[in-house]
$ cat run-v5.txt   # compact mmCIF, C-alpha atoms
# COMPACT_ATOMS: atom_id res chain seq x y z
CA MET A 1 22.38 2.32 -42.60
CA ALA A 2 19.13 4.06 -43.30
CA ARG A 3 16.38 3.64 -40.75
CA LYS A 4 13.22 2.05 -41.95
CA GLN A 5 10.31 4.40 -41.34
CA ILE A 6 7.22 2.64 -40.02
CA ASN A 7 4.06 4.59 -40.64
CA VAL A 8 1.33 3.70 -38.22
CA SER A 9 -1.75 5.84 -37.87
CA ARG A 10 -2.65 7.37 -34.52
CA GLY A 11 -5.96 5.55 -34.45
CA THR A 12 -4.30 2.17 -34.99
CA THR A 13 -1.71 2.86 -32.26
CA PHE A 14 -4.43 3.94 -29.85
CA SER A 15 -6.52 0.86 -30.59
CA VAL A 16 -3.59 -1.54 -30.21
CA LEU A 17 -2.45 0.00 -26.91
CA LEU A 18 -6.02 0.12 -25.56
CA ALA A 19 -6.51 -3.53 -26.52
CA PHE A 20 -3.26 -4.40 -24.71
CA GLY A 21 -4.48 -2.53 -21.62
CA LEU A 22 -7.82 -4.34 -21.75
CA LEU A 23 -6.02 -7.67 -22.10
CA LEU A 24 -3.97 -6.92 -18.98
CA LEU A 25 -7.15 -5.88 -17.17
CA LEU A 26 -9.01 -9.05 -18.11
CA LEU A 27 -6.17 -11.47 -17.36
CA PRO A 28 -6.46 -12.99 -13.85
CA GLN A 29 -4.81 -10.99 -11.06
CA SER A 30 -2.89 -14.09 -9.94
CA PHE A 31 -1.25 -14.13 -13.38
CA THR A 32 -0.55 -10.41 -13.90
CA SER A 33 0.63 -9.87 -10.32
CA ARG A 34 3.85 -11.62 -11.38
CA LEU A 35 4.76 -8.41 -13.19
CA ASN A 36 4.17 -6.39 -10.00
CA PHE A 37 6.34 -8.79 -8.02
CA LEU A 38 9.04 -8.68 -10.70
CA PHE A 39 9.13 -4.88 -10.51
CA ALA A 40 9.24 -4.96 -6.70
CA GLU A 41 12.04 -7.54 -6.65
CA VAL A 42 14.20 -5.95 -9.36
CA PHE A 43 13.96 -2.42 -7.95
CA ASN A 44 13.75 -3.34 -4.26
CA PRO A 45 17.07 -1.64 -3.34
CA VAL A 46 15.85 1.64 -4.90
CA LEU A 47 12.32 1.36 -3.53
CA SER A 48 13.69 0.79 -0.01
CA VAL A 49 15.69 4.03 -0.03
CA GLY A 50 14.36 6.21 2.78
CA ARG A 51 12.60 3.34 4.55
CA ALA A 52 12.44 3.90 8.31
CA SER A 53 14.22 1.30 10.40
CA PRO A 54 14.37 0.68 14.15
CA GLU A 55 17.94 2.01 14.15
CA ASP A 56 16.64 5.40 12.99
CA PHE A 57 14.95 5.96 16.31
CA ARG A 58 17.11 7.48 19.00
CA PRO A 59 16.05 8.51 22.51
CA GLY A 60 14.33 11.88 22.42
CA SER A 61 15.68 14.97 24.11
CA SER A 62 12.41 15.83 25.86
CA THR A 63 12.38 15.21 29.64
CA LYS A 64 9.16 13.20 29.30
CA ASP A 65 11.15 10.61 27.37
CA PHE A 66 13.12 9.79 30.53
CA ILE A 67 12.05 8.07 33.75
CA PRO A 68 13.50 8.19 37.31
CA ARG A 69 16.42 5.88 38.10
CA ALA A 70 14.45 3.87 40.68
CA GLU A 71 11.63 3.21 38.22
CA TYR A 72 14.15 2.25 35.56
CA GLU A 73 15.74 -0.32 37.87
CA GLU A 74 12.33 -1.79 38.72
CA LEU A 75 11.52 -2.09 35.01
CA TRP A 76 14.94 -3.55 34.32
CA LYS A 77 14.43 -6.25 36.97
CA ALA A 78 10.99 -7.05 35.63
CA TYR A 79 12.44 -7.25 32.13
CA GLU A 80 15.22 -9.58 33.22
CA ASN A 81 12.78 -11.81 35.06
CA LEU A 82 10.61 -11.96 31.97
CA HIS A 83 13.67 -12.79 29.93
CA ALA A 84 14.46 -15.68 32.27
CA ASP A 85 10.86 -16.88 31.94
CA LEU A 86 11.18 -16.64 28.20
CA MET A 87 14.34 -18.77 28.23
CA THR A 88 12.55 -21.43 30.27
CA LEU A 89 9.56 -21.37 27.96
CA HIS A 90 11.85 -21.55 24.96
CA SER A 91 13.49 -24.66 26.37
CA ASP A 92 10.06 -26.19 27.04
CA TYR A 93 8.96 -25.27 23.53
CA GLU A 94 11.93 -27.08 22.01
CA LYS A 95 11.08 -30.20 23.97
CA LEU A 96 7.44 -29.98 22.93
CA ALA A 97 8.47 -29.49 19.31
CA ASN A 98 10.26 -32.86 19.46
CA PHE A 99 7.05 -34.45 20.68
CA ARG A 100 5.02 -32.70 18.00
CA LYS A 101 7.20 -34.12 15.27
CA GLY A 102 5.91 -37.60 16.07
CA LEU A 103 2.25 -36.63 16.01
CA PRO A 104 0.16 -37.51 12.95
CA LYS A 105 -1.40 -34.04 12.64
CA PRO A 106 1.15 -31.36 13.38
CA GLY A 107 -1.31 -28.46 13.23
CA PRO A 108 -0.57 -25.03 11.82
CA GLY A 109 3.06 -24.17 11.22
CA LEU A 110 4.93 -20.92 10.92
CA VAL A 111 6.99 -19.64 8.05
CA LEU A 112 9.45 -16.97 9.09
CA SER A 113 9.88 -14.32 6.41
CA ARG A 114 12.00 -11.24 5.96
CA VAL A 115 10.22 -7.98 5.19
CA THR A 116 11.80 -6.74 1.96
CA ASN A 117 9.82 -3.54 1.65
CA VAL A 118 6.94 -1.59 3.14
CA SER A 119 4.36 0.32 1.11
CA ILE A 120 2.32 2.81 3.13
CA GLY A 121 0.23 4.87 0.73
CA PRO A 122 -3.22 6.45 0.60
CA PHE A 123 -4.74 3.51 -1.32
CA ASP A 124 -2.88 0.56 0.15
CA ARG A 125 -0.79 -0.47 3.11
CA LYS A 126 1.22 -3.61 2.59
CA LEU A 127 4.47 -5.42 3.27
CA PHE A 128 6.54 -7.33 0.75
CA ILE A 129 8.00 -10.55 2.15
CA ASP A 130 10.58 -12.95 0.75
CA LYS A 131 8.53 -16.15 0.98
CA GLY A 132 5.98 -17.31 -1.57
CA SER A 133 3.91 -20.21 -2.81
CA VAL A 134 6.89 -22.61 -2.95
CA ASP A 135 7.25 -22.14 0.83
CA GLY A 136 3.65 -23.26 1.33
CA LEU A 137 2.04 -19.84 1.63
CA ARG A 138 -1.54 -19.31 0.49
CA SER A 139 -3.67 -16.25 0.00
CA GLY A 140 -5.65 -15.29 3.11
CA GLU A 141 -3.24 -16.76 5.65
CA TYR A 142 -2.71 -14.78 8.83
CA VAL A 143 0.58 -13.02 9.46
CA THR A 144 2.01 -12.25 12.88
CA CYS A 145 4.88 -10.05 13.90
CA GLU A 146 8.18 -11.74 14.66
CA ASN A 147 7.57 -12.48 18.33
CA ARG A 148 4.05 -13.85 17.63
CA ASN A 149 2.49 -11.21 19.83
CA SER A 150 -0.10 -9.98 17.43
CA ILE A 151 -1.73 -10.43 14.03
CA ILE A 152 -0.67 -7.71 11.59
CA GLY A 153 -2.57 -8.70 8.42
CA THR A 154 -3.14 -11.42 5.86
CA ILE A 155 -1.45 -12.66 2.70
CA SER A 156 -3.03 -10.95 -0.31
CA GLU A 157 -0.88 -11.64 -3.39
CA LEU A 158 1.57 -14.44 -4.06
CA SER A 159 4.33 -15.29 -6.45
CA GLU A 160 6.59 -18.32 -6.23
CA SER A 161 9.23 -16.60 -4.14
CA ALA A 162 7.50 -13.53 -2.70
CA ALA A 163 4.21 -12.36 -1.27
CA THR A 164 2.46 -9.23 -0.11
CA VAL A 165 0.88 -8.88 3.30
CA ARG A 166 -2.17 -6.62 3.38
CA LEU A 167 -1.99 -4.84 6.72
CA LEU A 168 -4.91 -4.45 9.13
CA THR A 169 -5.07 -0.73 8.37
CA ASP A 170 -5.21 -1.20 4.58
CA PRO A 171 -8.47 0.32 3.29
CA ARG A 172 -9.20 -2.95 1.44
CA HIS A 173 -8.60 -5.23 4.41
CA LYS A 174 -11.41 -6.91 6.35
CA MET A 175 -11.19 -9.37 9.24
CA GLU A 176 -13.44 -10.98 11.85
CA VAL A 177 -12.57 -9.73 15.33
CA GLY A 178 -13.76 -9.87 18.91
CA ILE A 179 -13.64 -7.20 21.62
CA TRP A 180 -12.61 -8.25 25.12
CA ARG A 181 -12.09 -6.49 28.43
CA GLU A 182 -9.94 -7.62 31.34
CA GLY A 183 -12.07 -9.48 33.84
CA LYS A 184 -14.60 -10.70 31.28
CA LYS A 185 -14.79 -14.43 30.58
CA ALA A 186 -15.75 -14.09 26.93
CA PHE A 187 -15.73 -11.56 24.13
CA ILE A 188 -18.11 -8.64 24.69
CA VAL A 189 -19.06 -8.74 21.04
CA LYS A 190 -17.74 -9.91 17.68
CA GLY A 191 -17.66 -7.82 14.53
CA GLN A 192 -15.84 -7.06 11.32
CA LEU A 193 -12.70 -4.94 11.35
CA GLU A 194 -12.07 -2.82 8.26
CA GLY A 195 -8.93 -0.80 7.58
CA ILE A 196 -9.35 2.92 6.99
CA GLY A 197 -5.76 3.95 6.31
CA LYS A 198 -4.28 6.54 8.70
CA GLY A 199 -2.75 3.69 10.72
CA LEU A 200 -6.22 2.83 12.05
CA ALA A 201 -9.11 0.45 11.45
CA LYS A 202 -12.84 0.55 12.22
CA ILE A 203 -15.46 -1.82 13.55
CA SER A 204 -18.93 -0.77 12.50
CA LEU A 205 -22.46 -2.11 12.88
CA ILE A 206 -22.08 -2.92 16.58
CA SER A 207 -25.20 -2.10 18.58
CA ARG A 208 -24.91 0.55 21.28
CA ASP A 209 -26.50 -1.96 23.68
CA TYR A 210 -22.99 -3.39 24.11
CA ASP A 211 -20.81 -1.79 26.75
CA ILE A 212 -17.62 -1.01 24.85
CA ARG A 213 -15.02 1.40 26.18
CA LYS A 214 -11.81 3.00 25.06
CA GLY A 215 -8.90 0.68 25.85
CA ASP A 216 -10.82 -2.57 25.34
CA ILE A 217 -8.67 -5.19 23.64
CA VAL A 218 -9.41 -6.28 20.06
CA TYR A 219 -8.55 -9.83 18.96
CA ALA A 220 -8.54 -11.54 15.58
CA SER A 221 -11.24 -14.20 15.93
CA ALA A 222 -10.28 -17.83 15.65
CA VAL A 223 -11.16 -19.26 12.24
CA ALA A 224 -11.10 -23.02 11.84
CA GLY A 225 -8.16 -24.08 9.70
CA TRP A 226 -6.70 -20.58 9.55
CA LEU A 227 -6.23 -19.35 13.12
CA GLU A 228 -6.58 -21.82 15.97
CA THR A 229 -6.84 -19.32 18.83
CA PRO A 230 -7.73 -15.61 18.96
CA ARG A 231 -4.70 -13.35 18.75
CA VAL A 232 -4.48 -9.77 19.87
CA ILE A 233 -4.33 -7.07 17.20
CA GLY A 234 -4.86 -3.80 19.04
CA GLU A 235 -7.16 -1.80 21.28
CA VAL A 236 -10.21 0.43 21.02
CA PHE A 237 -8.76 3.86 20.34
CA LYS A 238 -11.94 5.89 19.97
CA ILE A 239 -15.63 5.11 20.33
CA LYS A 240 -18.62 7.28 19.42
CA PRO A 241 -22.15 6.84 18.08
CA ASP A 242 -22.18 6.22 14.33
CA ASP A 243 -23.07 9.42 12.43
CA ASN A 244 -25.17 7.52 9.88
CA GLU A 245 -26.59 4.84 12.22
CA PRO A 246 -27.18 6.50 15.61
CA LEU A 247 -28.09 3.18 17.25
CA MET A 248 -24.70 1.71 16.35
CA TRP A 249 -21.19 2.32 17.63
CA ASP A 250 -18.45 3.75 15.45
CA ILE A 251 -15.36 2.06 16.91
CA THR A 252 -11.84 3.05 15.88
CA VAL A 253 -9.11 0.48 16.54
CA LYS A 254 -5.40 1.19 16.78
CA PRO A 255 -3.08 -1.78 16.10
CA ILE A 256 -0.38 -2.36 18.70
CA THR A 257 2.32 -3.05 16.12
CA ASP A 258 4.26 -0.34 14.32
CA PHE A 259 4.22 -1.85 10.84
CA ALA A 260 6.94 0.39 9.43
CA MET A 261 9.44 -1.01 11.95
CA LEU A 262 8.97 -4.69 11.10
CA THR A 263 11.98 -6.54 9.76
CA HIS A 264 10.64 -10.11 10.05
CA VAL A 265 7.16 -11.60 10.18
CA ALA A 266 5.79 -15.11 10.57
CA VAL A 267 3.03 -16.52 8.38
CA ILE A 268 0.65 -19.00 10.04
CA ILE A 269 0.36 -21.61 7.33
CA THR A 270 -2.89 -23.49 7.11
CA THR A 271 -3.12 -27.25 7.20
CA PRO A 272 -3.52 -28.45 3.61
CA VAL A 273 -6.96 -29.93 3.04
CA LYS A 274 -6.60 -33.42 1.57
CA SER A 275 -9.07 -34.17 -1.16
CA GLY A 276 -11.09 -37.32 -0.59
CA LYS A 277 -11.56 -37.88 -4.30
CA MET B 1 11.24 12.69 -29.02
CA ARG B 2 14.06 10.97 -27.17
CA TRP B 3 12.29 7.77 -26.21
CA GLY B 4 15.16 6.34 -24.15
CA ARG B 5 15.38 9.47 -22.00
CA ILE B 6 11.62 9.66 -21.60
CA GLY B 7 11.68 6.00 -20.53
CA ILE B 8 14.26 6.80 -17.85
CA ILE B 9 12.16 9.71 -16.57
CA ILE B 10 9.04 7.50 -16.42
CA LEU B 11 10.99 4.79 -14.57
CA LEU B 12 12.35 7.32 -12.07
CA ALA B 13 8.89 8.75 -11.47
CA SER B 14 7.40 5.30 -10.93
CA LEU B 15 10.19 4.39 -8.49
CA LEU B 16 9.59 7.60 -6.56
CA ASN B 17 5.82 7.00 -6.56
CA ALA B 18 6.15 3.42 -5.29
CA GLY B 19 9.21 3.83 -3.07
CA ASN B 20 9.66 4.94 0.51
CA LEU B 21 11.64 8.11 -0.18
CA LEU B 22 8.63 10.41 -0.65
CA ASP B 23 6.79 8.68 2.25
CA ASN B 24 9.37 9.94 4.70
CA THR B 25 9.95 13.35 3.14
CA ILE B 26 6.95 15.04 1.56
CA ALA B 27 4.05 12.67 2.29
CA MET B 28 1.42 14.41 4.42
CA GLY B 29 -1.15 13.30 6.96
CA GLU B 30 -1.82 9.92 8.49
CA ASN B 31 -2.90 8.64 5.07
CA ASN B 32 0.58 9.36 3.65
CA ILE B 33 -0.84 11.53 0.87
CA LYS B 34 1.84 12.38 -1.68
CA PRO B 35 1.78 13.91 -5.16
CA ASP B 36 1.29 11.48 -8.03
CA LEU B 37 4.36 12.15 -10.17
CA LEU B 38 3.20 9.87 -12.98
CA LEU B 39 -0.07 11.78 -13.23
CA ILE B 40 1.82 15.09 -13.50
CA LEU B 41 4.10 13.53 -16.10
CA MET B 42 1.12 12.26 -18.09
CA VAL B 43 -0.52 15.69 -18.22
CA PHE B 44 2.82 17.36 -19.10
CA PHE B 45 3.58 15.02 -22.01
CA ALA B 46 -0.03 14.99 -23.25
CA ILE B 47 -0.01 18.79 -23.43
CA ASN B 48 3.45 19.15 -24.94
CA CYS B 49 3.75 16.19 -27.31
CA GLY B 50 2.23 15.59 -30.70
CA GLY B 51 -0.85 13.41 -31.08
CA LEU B 52 0.71 10.00 -31.73
CA GLU B 53 3.58 10.57 -29.31
CA ALA B 54 1.20 11.77 -26.58
CA THR B 55 -0.87 8.60 -26.99
CA ILE B 56 2.16 6.30 -26.74
CA VAL B 57 3.64 8.16 -23.74
CA SER B 58 0.27 8.23 -21.91
CA PHE B 59 -0.17 4.47 -22.26
CA ALA B 60 3.47 3.92 -21.25
CA ILE B 61 3.01 6.05 -18.12
CA GLY B 62 -0.16 4.13 -17.31
CA PHE B 63 1.74 0.86 -17.71
CA ALA B 64 4.43 2.16 -15.34
CA ALA B 65 1.75 3.20 -12.82
CA ASP B 66 0.24 -0.28 -12.98
CA ILE B 67 3.45 -2.25 -12.68
CA SER B 68 4.58 -0.20 -9.69
CA SER B 69 1.27 -0.55 -7.83
CA ALA B 70 -1.27 -3.31 -7.23
CA ALA B 71 -2.70 -4.59 -10.51
CA MET B 72 -2.06 -4.49 -14.25
CA GLY B 73 -4.44 -2.73 -16.64
CA PRO B 74 -6.48 -0.07 -14.80
CA ALA B 75 -4.03 2.86 -14.97
CA MET B 76 -2.86 1.96 -18.47
CA ILE B 77 -6.39 2.23 -19.83
CA SER B 78 -7.27 5.28 -17.77
CA TYR B 79 -4.07 7.27 -18.46
CA GLY B 80 -4.08 6.20 -22.11
CA LEU B 81 -7.65 7.38 -22.66
CA PHE B 82 -7.32 10.69 -20.84
CA GLY B 83 -3.80 11.41 -22.10
CA THR B 84 -5.06 11.04 -25.66
CA LEU B 85 -8.05 13.24 -24.85
CA ILE B 86 -5.81 15.98 -23.38
CA ALA B 87 -3.59 15.80 -26.46
CA GLN B 88 -6.71 16.56 -28.53
CA LEU B 89 -7.67 19.45 -26.28
CA ARG B 90 -4.21 21.02 -26.43
CA LYS B 91 -5.14 22.42 -29.84
CA VAL B 92 -7.69 24.55 -28.00
CA VAL B 93 -6.10 25.10 -24.58
CA ILE B 94 -2.44 25.85 -23.96
CA MET B 95 -1.34 25.46 -20.36
CA LYS B 96 0.91 28.47 -20.09
CA ARG B 97 -0.20 29.57 -16.64
CA MET B 98 0.64 27.71 -13.47
CA THR B 99 -2.98 27.87 -12.32
CA HIS B 100 -4.12 26.22 -15.57
CA GLN B 101 -1.54 23.49 -15.12
CA ALA B 102 -2.54 22.98 -11.49
CA LEU B 103 -6.23 22.79 -12.39
CA ALA B 104 -5.60 20.37 -15.26
CA ILE B 105 -3.55 18.09 -12.99
CA PHE B 106 -6.18 18.29 -10.24
CA ALA B 107 -9.00 17.48 -12.69
CA MET B 108 -7.05 14.57 -14.16
CA GLY B 109 -6.26 13.35 -10.64
CA ILE B 110 -9.96 13.09 -9.93
CA ILE B 111 -11.14 11.80 -13.33
CA ALA B 112 -8.29 9.49 -14.37
CA GLY B 113 -7.67 8.45 -10.75
CA GLY B 114 -11.39 7.72 -10.34
CA LEU B 115 -11.52 5.59 -13.46
CA THR B 116 -8.38 3.75 -12.33
CA GLN B 117 -10.04 2.91 -9.00
CA ILE B 118 -13.24 1.74 -10.72
CA LEU B 119 -11.25 -0.56 -13.04
CA LEU B 120 -9.15 -1.74 -10.09
CA ARG B 121 -12.33 -2.72 -8.30
CA PHE B 122 -13.49 -4.54 -11.41
CA LYS B 123 -10.20 -6.46 -11.54
CA THR B 124 -9.60 -7.25 -7.86
CA GLY B 125 -13.15 -7.07 -6.52
CA GLN B 126 -12.02 -4.78 -3.74
CA SER B 127 -12.20 -1.06 -3.19
CA PRO B 128 -10.42 1.02 -0.53
CA SER B 129 -12.80 2.31 2.15
CA ASN B 130 -11.17 5.75 1.97
CA VAL B 131 -11.15 5.99 -1.83
CA TYR B 132 -12.90 9.38 -2.12
CA SER B 133 -10.77 11.24 0.41
CA ALA B 134 -7.55 9.60 -0.84
CA LEU B 135 -8.37 10.52 -4.45
CA PHE B 136 -9.31 14.09 -3.55
CA TRP B 137 -6.27 14.87 -1.41
CA THR B 138 -3.86 13.15 -3.82
CA ALA B 139 -5.32 15.27 -6.65
CA ILE B 140 -5.04 18.45 -4.53
CA TYR B 141 -1.42 17.71 -3.58
CA SER B 142 -0.55 16.80 -7.18
CA GLY B 143 -2.17 20.03 -8.36
CA ILE B 144 -0.12 22.09 -5.91
CA VAL B 145 3.20 20.38 -6.64
CA GLY B 146 2.41 19.87 -10.34
CA PRO B 147 3.41 23.31 -11.71
CA LEU B 148 6.82 23.08 -10.00
CA VAL B 149 7.47 19.65 -11.50
CA TRP B 150 6.10 21.01 -14.80
CA ALA B 151 8.62 23.87 -14.73
CA MET B 152 11.38 21.37 -14.06
CA PHE B 153 10.40 19.25 -17.05
CA SER B 154 10.01 22.35 -19.19
CA ALA B 155 13.62 23.19 -18.33
CA ILE B 156 14.80 19.79 -19.61
CA SER B 157 12.30 19.60 -22.45
CA GLN B 158 14.98 19.99 -25.11
CA TRP B 159 16.96 17.12 -23.57
CA LEU B 160 13.77 15.05 -23.75
CA GLY B 161 13.13 16.12 -27.31
CA VAL B 162 9.80 17.68 -26.37
CA ARG B 163 8.58 21.06 -27.53
CA ALA B 164 7.32 22.55 -24.29
CA TYR B 165 4.89 25.39 -24.77
CA LYS B 166 5.46 28.67 -23.03
CA ALA B 167 3.33 31.77 -23.52
CA GLY B 168 1.64 30.21 -26.51
CA ARG B 169 4.83 29.39 -28.38
CA PRO B 170 6.84 26.21 -28.37
CA LEU B 171 10.24 26.24 -26.75
CA GLY B 172 13.34 24.79 -28.32
CA ARG B 173 13.48 23.57 -31.87
$ encode --input "run-v5.txt" --output "structure tokens"
Amino acid sequence: MARKQINVSRGTTFSVLLAFGLLLLLLPQSFTSRLNFLFAEVFNPVLSVGRASPEDFRPGSSTKDFIPRAEYEELWKAYENLHADLMTLHSDYEKLANFRKGLPKPGPGLVLSRVTNVSIGPFDRKLFIDKGSVDGLRSGEYVTCENRNSIIGTISELSESAATVRLLTDPRHKMEVGIWREGKKAFIVKGQLEGIGKGLAKISLISRDYDIRKGDIVYASAVAGWLETPRVIGEVFKIKPDDNEPLMWDITVKPITDFAMLTHVAVIITTPVKSGK
Amino acid sequence: MRWGRIGIIILLASLLNAGNLLDNTIAMGENNIKPDLLLILMVFFAINCGGLEATIVSFAIGFAADISSAAMGPAMISYGLFGTLIAQLRKVVIMKRMTHQALAIFAMGIIAGGLTQILLRFKTGQSPSNVYSALFWTAIYSGIVGPLVWAMFSAISQWLGVRAYKAGRPLGR
């Protein structure tokens, strides 16, 4: 069967394709991001090839990777004691959860999600998780690592069954934080944390009048309706006077969580605001 | 042009760009800078394809770059525009030397990558804080790796149905 030859001029083709590109650009991100999620879901097995996992890490051969037997046993005992404490707390938590069920306002809940893929690139640092809007997730919600030790980022994009978590170190990510030091009763100062890639984030525009030192703890500030209490995110890794604003500090923050190793995360879901209308 | 085969190559390049394989093998520095394979592919096809084909492939590569990254539209417009422009320039400049290829890829990394970031900011309202350094180093790395990838695609140009230029004369048919 003879093929039908379609003659389309180059100018027409260019115009049509450019118009299609402009249409995609002008359509809302919440609508077009479905295509990005579709790609990520369909090709997830291929995209995950080469992803580092906790199993990939074996004890090193260097002597500094080992500790004396006596110290090991001390640490082991401390670990076991902590484990026992954890079991007790877990039991208490289960009892409290039964009480909480009967309360009229349950407060923020957690949605446990599996990390399906990690994207660590020069322009973005994000996780793909297997929970989406049907599970009650909303854009901007805080995400903690599995054991609820620290905040790792916030929900940025959503589909019905998946979402992306923009990590603290993502160059587009911003978050209100506070800096605290052991022994102090309150935060030394509050500021805005901004990711800079490289596995680090920065707090800028903090006056040098504040006594901030390397090793000070950085917390995600409590935000009404989103995060009830401050949660740790990392520590001050480097501090120096700002090159552009000599009266300000240039504070570099290192998160305590290794994002590439995460297999599960928990999303702190916000309490839905009931409309009075 | 073998459109099906070119489609497979574009898909493979977008999977490599978006996946973790390159992150843990050839990505460099704390920013995980890696060569932009789709950018190299765009310059290669724009130089070696005819006008209409170069336009279609450039837009298709831009679409693949968009769908495998953060937002739809920016790369499609940027790659489509500059791919078509390169296809026009190929009548004047033939990239037979590796240095020419590397420079063309570097320049496109800065210009097309820059326009992509501007359009991305327009669409999402956000811009990476490290955009200049990330663009520059990605363009440098792409420029260095580009000629090697170029040589690889030149070797399979007949399979792709593309007339790859070498020393001023087209290869193959």
$ closest_atom_pairs --input "run-v5.txt" --of "chain B" --to "chain A" --cutoff "9 Å" --atoms "only C-alpha atoms" --output "Markdown table"
| residue | atom | partner | partner_atom | distance |
| --- | --- | --- | --- | --- |
| B:Leu15 | CA | A:Leu47 | CA | 6.2 |
| B:Leu16 | CA | A:Leu47 | CA | 7.5 |
| B:Ala18 | CA | A:Leu47 | CA | 6.7 |
| B:Gly19 | CA | A:Leu47 | CA | 4.0 |
| B:Asn20 | CA | A:Arg51 | CA | 5.2 |
| B:Leu21 | CA | A:Gly50 | CA | 4.4 |
| B:Leu22 | CA | A:Gly50 | CA | 7.9 |
| B:Asp23 | CA | A:Ile120 | CA | 7.4 |
| B:Asn24 | CA | A:Gly50 | CA | 6.5 |
| B:Thr25 | CA | A:Gly50 | CA | 8.4 |
| B:Ala27 | CA | A:Gly121 | CA | 8.8 |
| B:Gly29 | CA | A:Lys198 | CA | 7.6 |
| B:Glu30 | CA | A:Lys198 | CA | 4.2 |
| B:Asn31 | CA | A:Lys198 | CA | 4.4 |
| B:Asn32 | CA | A:Gly121 | CA | 5.4 |
| B:Ile33 | CA | A:Pro122 | CA | 5.6 |
| B:Lys34 | CA | A:Gly121 | CA | 8.0 |
| B:Gly51 | CA | A:Arg10 | CA | 7.2 |
| B:Leu52 | CA | A:Arg10 | CA | 5.1 |
| B:Glu53 | CA | A:Arg10 | CA | 8.7 |
| B:Thr55 | CA | A:Phe14 | CA | 6.5 |
| B:Ile56 | CA | A:Thr13 | CA | 7.6 |
| B:Phe59 | CA | A:Leu17 | CA | 6.8 |
| B:Phe63 | CA | A:Gly21 | CA | 8.1 |
| B:Asp66 | CA | A:Asn36 | CA | 7.9 |
| B:Ile67 | CA | A:Asn36 | CA | 5.0 |
| B:Ser68 | CA | A:Asn36 | CA | 6.2 |
| B:Ser69 | CA | A:Asn36 | CA | 6.9 |
| B:Ala70 | CA | A:Asn36 | CA | 6.8 |
| B:Ala71 | CA | A:Ser33 | CA | 6.2 |
| B:Met72 | CA | A:Leu24 | CA | 5.7 |
| B:Gly73 | CA | A:Leu25 | CA | 4.2 |
| B:Pro74 | CA | A:Leu25 | CA | 6.3 |
| B:Ala75 | CA | A:Gly21 | CA | 8.6 |
| B:Met76 | CA | A:Gly21 | CA | 5.7 |
| B:Ile77 | CA | A:Gly21 | CA | 5.4 |
| B:Gly80 | CA | A:Leu18 | CA | 7.3 |
| B:Leu81 | CA | A:Leu18 | CA | 8.0 |
| B:Thr84 | CA | A:Phe14 | CA | 8.3 |
| B:Leu119 | CA | A:Leu25 | CA | 7.9 |
| B:Leu120 | CA | A:Leu25 | CA | 8.4 |
| B:Phe122 | CA | A:Leu25 | CA | 8.7 |
| B:Lys123 | CA | A:Leu25 | CA | 6.4 |
| B:Thr124 | CA | A:Gln29 | CA | 6.9 |
| B:Gln126 | CA | A:Arg172 | CA | 6.2 |
| B:Ser127 | CA | A:Arg172 | CA | 5.8 |
| B:Pro128 | CA | A:Pro171 | CA | 4.3 |
| B:Ser129 | CA | A:Pro171 | CA | 4.9 |
| B:Asn130 | CA | A:Ile196 | CA | 6.0 |
| B:Val131 | CA | A:Phe123 | CA | 6.9 |
| B:Ser133 | CA | A:Pro122 | CA | 8.9 |
| B:Ala134 | CA | A:Pro122 | CA | 5.5 |
| B:Leu135 | CA | A:Pro122 | CA | 8.3 |
| B:Thr138 | CA | A:Pro122 | CA | 8.1 |
$ residues_near_point --input "run-v5.txt" --point "(8.2, 17.8, -28.2)" --cutoff "12 Å" --atoms "only C-alpha atoms" --output "PyMOL selection string"
chain B and resi 1-3+6+44-54+57+153-154+156-165+170-173
$ write_last_selection --input "run-v5.txt" --atoms "C-alpha atoms" --output "short mmCIF file (atom, residue, chain, number, x, y, z; two decimals), in the coordinates of the input"
data_model
loop_
_atom_site.label_atom_id
_atom_site.label_comp_id
_atom_site.auth_asym_id
_atom_site.auth_seq_id
_atom_site.Cartn_x
_atom_site.Cartn_y
_atom_site.Cartn_z
CA MET B 1 11.24 12.69 -29.02
CA ARG B 2 14.06 10.97 -27.17
CA TRP B 3 12.29 7.77 -26.21
CA ILE B 6 11.62 9.66 -21.60
CA PHE B 44 2.82 17.36 -19.10
CA PHE B 45 3.58 15.02 -22.01
CA ALA B 46 -0.03 14.99 -23.25
CA ILE B 47 -0.01 18.79 -23.43
CA ASN B 48 3.45 19.15 -24.94
CA CYS B 49 3.75 16.19 -27.31
CA GLY B 50 2.23 15.59 -30.70
CA GLY B 51 -0.85 13.41 -31.08
CA LEU B 52 0.71 10.00 -31.73
CA GLU B 53 3.58 10.57 -29.31
CA ALA B 54 1.20 11.77 -26.58
CA VAL B 57 3.64 8.16 -23.74
CA PHE B 153 10.40 19.25 -17.05
CA SER B 154 10.01 22.35 -19.19
CA ILE B 156 14.80 19.79 -19.61
CA SER B 157 12.30 19.60 -22.45
CA GLN B 158 14.98 19.99 -25.11
CA TRP B 159 16.96 17.12 -23.57
CA LEU B 160 13.77 15.05 -23.75
CA GLY B 161 13.13 16.12 -27.31
CA VAL B 162 9.80 17.68 -26.37
CA ARG B 163 8.58 21.06 -27.53
CA ALA B 164 7.32 22.55 -24.29
CA TYR B 165 4.89 25.39 -24.77
CA PRO B 170 6.84 26.21 -28.37
CA LEU B 171 10.24 26.24 -26.75
CA GLY B 172 13.34 24.79 -28.32
CA ARG B 173 13.48 23.57 -31.87
#
$ atom_distance --input "run-v5.txt" --atom1 "atom CA of A:Lys126" --atom2 "atom CA of B:Pro35"
19.2 Å
